[in-house]
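J.: I'd like to ask you about the structure that follows.
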2 protein chains.
Amino acid sequence: MNGTESETRTATDAELGLLDRYWRAANYLSVGQIYLMDNPLLREPLRAEHVKPRLLGHWGTTPGLNFVYAHLNRVIAARDVSVLYVCGPGHGGPGMVANTWLEGTYSEIYPKVSEDTAGMARLFRQFSFPGGIPSHVAPETPGSIHEGGELGYALVHAFGAAFDAPDLVVACVVGDGEAETGPLAASWHSNKFLNPATDGAVLPILHLNGYKIANPTILARLDDDELRQLFTGYGYEPVFVEGEEPMPMHRAMSQALDRCFDRIAAIQAAARSGGVDERPRWPMIVLRSPKGWTGPKEVDGKKVEGFWRAHQVPVSAARQDEGHRAILERWMRSYEPDDLFDANGRLKPELAALAPKGERRMGANPRANGGLLKTDLRRPDPAEFALDVGTPGGTIGEATSVLGRYLARVMTLNEETRNFRVFGPDETASNRLSALFETTDRTWMEPRLPYDDHLAPDGRVMEVLSEHLCQGWLEGYLLTGRHGFFSCYEAFIHIVDSMFNQHSKWLKVTRHLPWRAPIASLNYLLTSHVWRQDHNGFSHQDPGFVDHIANKKSDIVRVYFPPDANTLLWVADHCLGTWNRVNVIVAGKQPAPQWLSYEAARRHCEAGAGIWRWAGANDVEVGEPDLVIACAGDVPTLEALAAVDLLRQSLPSLRIRVVNVVDLMALQSPDQHPHGLTDERFDALFTRDRPVVFAYHGYPALVHRLTYKRANHRNIHVRGYMEEGTTTTPFDMVVLNGLDRFSLGILAVERLGGLGEAGEAAKSRFEAKLAEHKRYIVEHGEDMPEISGWSWPYGTAAEAGD
Amino acid sequence: MNGTESETRTATDAELGLLDRYWRAANYLSVGQIYLMDNPLLREPLRAEHVKPRLLGHWGTTPGLNFVYAHLNRVIAARDVSVLYVCGPGHGGPGMVANTWLEGTYSEIYPKVSEDTAGMARLFRQFSFPGGIPSHVAPETPGSIHEGGELGYALVHAFGAAFDAPDLVVACVVGDGEAETGPLAASWHSNKFLNPATDGAVLPILHLNGYKIANPTILARLDDDELRQLFTGYGYEPVFVEGEEPMPMHRAMSQALDRCFDRIAAIQAAARSGGVDERPRWPMIVLRSPKGWTGPKEVDGKKVEGFWRAHQVPVSAARQDEGHRAILERWMRSYEPDDLFDANGRLKPELAALAPKGERRMGANPRANGGLLKTDLRRPDPAEFALDVGTPGGTIGEATSVLGRYLARVMTLNEETRNFRVFGPDETASNRLSALFETTDRTWMEPRLPYDDHLAPDGRVMEVLSEHLCQGWLEGYLLTGRHGFFSCYEAFIHIVDSMFNQHSKWLKVTRHLPWRAPIASLNYLLTSHVWRQDHNGFSHQDPGFVDHIANKKSDIVRVYFPPDANTLLWVADHCLGTWNRVNVIVAGKQPAPQWLSYEAARRHCEAGAGIWRWAGANDVEVGEPDLVIACAGDVPTLEALAAVDLLRQSLPSLRIRVVNVVDLMALQSPDQHPHGLTDERFDALFTRDRPVVFAYHGYPALVHRLTYKRANHRNIHVRGYMEEGTTTTPFDMVVLNGLDRFSLGILAVERLGGLGEAGEAAKSRFEAKLAEHKRYIVEHGEDMPEISGWSWPYGTAAEAGD
């Protein structure tokens, strides 16, 4: 395919000879990093004290990664193309560090690790050393957007980087270990979402070195026929490069890359001139090479090269054992360091000339430091989309559908720059964000049928029934300088708990790397939440993602519970303007009473939490109330207000204050979280000694945890999700968990105590109502009209939010 | 293939005609469940009040599921084979319920839902109705081992069920929606672990009905060529059944199933007579049929059948709108209920005769109620494997390697019954459980090479680089009556957070279903934990799985932190003897000091938490100490004891008590968790008012949360993981998080207060040591010998554990 083109560019033997030396240099530096703390160029015989006392690193995957890097360098230089290297095998850290040092980017970013003998000594010593750098690819590694810790996300990150980056080719090395993970197995289908006209290309390089930690890999033991069928079935055109003799392998790899880059160019040229009519068959490379290639064949009589024993440190006792040390020295000298580096430890000029220049170096590609390319998202004034809320509770609205109209405008405003996408697992419409489809479509490269609904190759709403793919694409998109928004069923966001972990760890580390410019925040909208899964049942009920989030560094995470549409508007707009954070917004999609005008919503959200004086009972500015009813979340707010209504009817002289919390982290002390309220402010809301009945959206423990240090924390009685639920009515869901208005009323009476007969009468009334509810729903299959139709009967709009 | 055999069994037109009626009966009952609360047999015209007020359910996938069920019935009856039906499309609840009612199992389990008109009315009314049953396949559904909530685990559950069940065929319907998830995409490779000689078979039926909630599916829009390549590449032999005309589809499906069951029989016969030499190419079916097949073609002028609008409730206003109701009535009557059910609402005898009998009915297959088949695991006396611990701290041992010897014996003891497997993502050796390989091998059906290490088709250690597959196989294995053990890197167990959620929800529901017999507990060993990820770095550090666990129902979850080898032995043995729980054990694999003899370990673990008098300072039975140092986890225990040692040297008169916690849930009050200590017992350990310095393995918040209600909780100062880490030395990891002996010492001095000059001097000494440590590691790359070599210098074995 494209035979003529690729033949004209075939590398000469001389070029491949130089390339082989470059590869040896990278291999030499990789081994040096794993083993040495001194004598970097082996200018003297290797002694025990030159070897690190703790040998931590992974050799097995590294020579293959170096091989790919050197060959990509050749292609970049020959074609002047922008290439990003996504390194799936995480423990290839030494290889990526070696290569970025060879091309000069490493020393530019870290000048102490200079391009000379002293710098090389530092390069070696710092690796996996206290105060140094991690053993895998990490934020510290130039050119990387992909942490090499948890496996499985290389390819989905690569596609995320390629969307809307038409000039970029993302070369993605997928290890045969990580290829066994679920997310990676699904990621191959990302080609169904890549538009050759407006996106860049992804070149997957499946690296079959045969082994994981202690096992062969599944894919490496398939024969080429089965592999070809598998990847052809996935929609690729696999090109095989297999062997272990360096020079034939160089020739095969250079030809394979020429063929792949030719094919990519042809696909793109066709799509960009003639338009896109069908999904192209993108090329990929299957690279079979020995694990620990060029390392020791055997150690202590046991097979190492080409086996799993090469995975980590093949010569483990090189400091203590002379025999081992001799193997190490022979191994390192086999790369002929004097043939590679000059007297000052600098790469020889004929080799240095092989690397691309400037930003074409993969370690210096700006896409790998996406914050550099990020422009602020253009956002409309959310007030334009606000619901007109008169009397609180007097308007019914669907919060997420209001948000959808705002997001549609965001989409339009950024149409030209093409730097905003919305992601979701087949739930954009179900989550009521359909207004987006008035301005864009769902991304779709497969065949379309006449009755299909808003599918297009250049759609900007990415839907696939995989939370992993949504999350991974979005991460890749953000890390390369763009913006995004991910809406998901609340319960199933746990599917990406671990991906969130890794992303938040990445963010934490980059905050200490001044050369990494801030990237846009990762914004989640969790809707179809626990309290409106009455129809889907118990399996769809889990509000624990925010608990998971709360374990991460407080400078990274934010959690918002907007109680209605206008607060949701403000919060979402705010989140889209932030950077280097993870923002979690939890909001419902069902028709619900609206509480605040946009202006009141803005003031309330900016404060994070506040008194809703209009919703309280006899709540005046002077003096303390008898009781605080607090709430966070839309359904808890509704039930809390209904409880106030009931209490006011039964116990008219009771002074009740309502506190609504939008920004959950406001509950924490300011020394624990930057959004934390001061103790004075907290006490002014929650009092120092009055009972607080807290209606909370999620598991109650989190509120206790966040308020642990507050004066009044002993008096805070939290109701939330108690892991009780099934398919039932919406109101029965809150009843099952004691979060309903009647149960809150009973709790309030109990906690206040001393209310005498009036209190007992109120309790009995509430208990009777609960029993009546149970009877009613079993008979009618729906909630009593007095509950499903309840709306807040007091207050005025003018008071709202004060 | 096996043409002759399958031809001889070809179904006649008459048989297929009956089968079509059976299918219509199931479809009729499915629609009835979604819509009707009365008039089940349409013996009178359909009126508004017959229709449920809230229509909750999913029609789209159901007719396809019913089609498969009816055809499997035919095969089972014809061949007398044991078949389990795993229903991937979760929202196929009405179909599974309908079919188990038709075959009689439903009424046997739920006698009120009888096989007559009244029972049919109950069947309809209960579905997605308050007090009724969920809308998807759930524990309540007879014949199910698979909750249909979160998508993606059908196929991995199916394989888990098939392992060691040689007479079982697991027919697994995979929806084309769920096929987009990562776990499902990886699950296809489970065929590389299925041994035709000793395991059962899995027959995947990929059901391409084309649409998800609001989108086409990826796989349905691939052409047959690409699909054939994909699944051939995955190692299957795909058989296509495509169309929409019922009778040709019945013919095609019956032939396809004959072909598949012939092929399965042939594969198994060959392997069971001639031995297993290579992985067979198992058959699978690709079933293309319209979404919402046989339902309304159009509603309100919009396409429904064969489109995503058929996903949920195709005629949404059937109660309120006469036109809609007429569509519904026409639709239901199109199945000709009078041709299917007799005057009493019972399935006509010629149709009832089609279902298999007794335990051959898929709703009555004992494998789907695995507890019925479960036999207790044979376990050796753990004392046999105990480390001989003399002076506490005087012995060094690797806890998990001791456990490995115990597990190897468990494996041997249950070799004959073949009902125990160990699962792990390529980490069994890395986690030091290698003793297992003295008695068994790793399961492996791929080609083997001469130098391969313990790979065999009948190996019982399941290793694949996918936590999803490990978890899913194990769940399937447990749910069908067997036992297992899953060891995993602590950080990466978050990958299966959501799978754990679903399993624990399943367990919670089954506890209220007396007909479901208890299954063996799901046992996790989390090792390679946060404090020994100094070499892997920040990405491998997350101890938050126990926080996630702690949100679930207290009757389901248990969390253990055995501090040494003998406690680990007791805990693991205990967990293997439990049922219907999720047990999480966190323990290290590195060489570490041992504290307790087996007898002391047993007493300590049974209590859950206890005073280590021998480890305290001046800690006598009478009177309260000045300070309590508590610990949970192996590394925190080591640092806590070292802190006591330091404090004793600096402040010799201080009275310090050491409390070690093994069973974390003991910290909770007994009203919150069955393992919770009484307040008296808790106060006897932790005092009511003395400062407590608590060295904890994980995120500190959990200890606060669990002790929230205790008298002394204000004085509990917890140190744990603060989300700080990198590649450094082991001791530096605890220093970075303030959990080290010196920081604990400083905290103790500060919290005690009033220690005057001696206190200040001690603090200064500890601070100086921290500074010295930092200098030392940066210079030497390893920990100071006084730290890495520290061992407990006091006490005697006789005292241990009292």
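Starting from 1 in every chain, residues are counted up; chains themselves are A, B, ... following the order of the structure tokens, and ligands are numbered from 1 as listed.
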Would you list the contacts of region 257-263 of chain A as number ranges by chain, taking every protein, DNA or RNA residue within 12 Å and counting only C-alpha atoms, but skipping same-chain residues closer than 6 positions in sequence?

T.: A: 1-11, 68-76, 78-83, 168-171, 196, 201-205, 236-241, 249-251, 269-270, 280-287

J.: Counting only C-alpha atoms, what is within 8 Å of Val173 (chain A), bar same-chain residues fewer than 4 positions away, as a list of chain:residue names?

T.: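 Result of the neighbour search: A:Leu65, A:Tyr85, A:Val86, A:Cys87, A:Gly88, A:Pro89, A:Ala154, A:Pro204, A:Ile205, A:Leu206, A:His207.
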
J.: Within 9 Å of Ile519 (chain A), counting only C-alpha atoms, which residues show up once you throw out same-chain ones fewer than 4 positions away? Write them as a list in words, please.

T.: Asn369, Gly370, Gly371, Leu372, Lys374, Leu478, Leu479, Thr480, Gly481, Arg482, His483, Leu507, Thr578, Trp579, Asn580 and Arg581 of chain A

J.: Give me the residues near Arg705 (chain A) as a list in words, where near means some atom within 10 Å (using only C-alpha atoms) and where sequence neighbours in that chain fewer than 6 positions away do not count.

T.: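 So, after excluding close chain neighbours, the residues are Asp547, Ala550, Leu667, Gln668 and His713 of chain A; Ala701, Leu702, Val703, His704, Arg705, Leu706 and Tyr708 of chain B.
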
J.: Just want the 7 Å neighbourhood of region 762-779 of chain B, counted on only C-alpha atoms, with same-chain residues fewer than 3 positions away dropped. Output as a list in words.

T.: Pro130 and Gly131 of chain A; Ser650, Phe742, Ile746, Ala758, Gly759, Glu782, Asp783 and Met784 of chain B

J.: Quick one: everything within 12 Å of Leu340 (chain B), counting only C-alpha atoms, minus sequence neighbours fewer than 3 positions away in the same chain. Send it as a list in words.

T.: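 Final neighbour list, sorted by chain and number: Leu18, Leu19, Asp20, Arg21, Tyr22, Trp23, Arg24, Ala25, Ala26, Asn27, Tyr28, Leu29, Leu41, Leu102, Arg333, Ser334, Tyr335, Glu336, Pro337, Ala343, Asn344, Gly345, Arg346, Leu347, Lys348, Pro349, Glu350, Leu351 and Ala352 of chain B.
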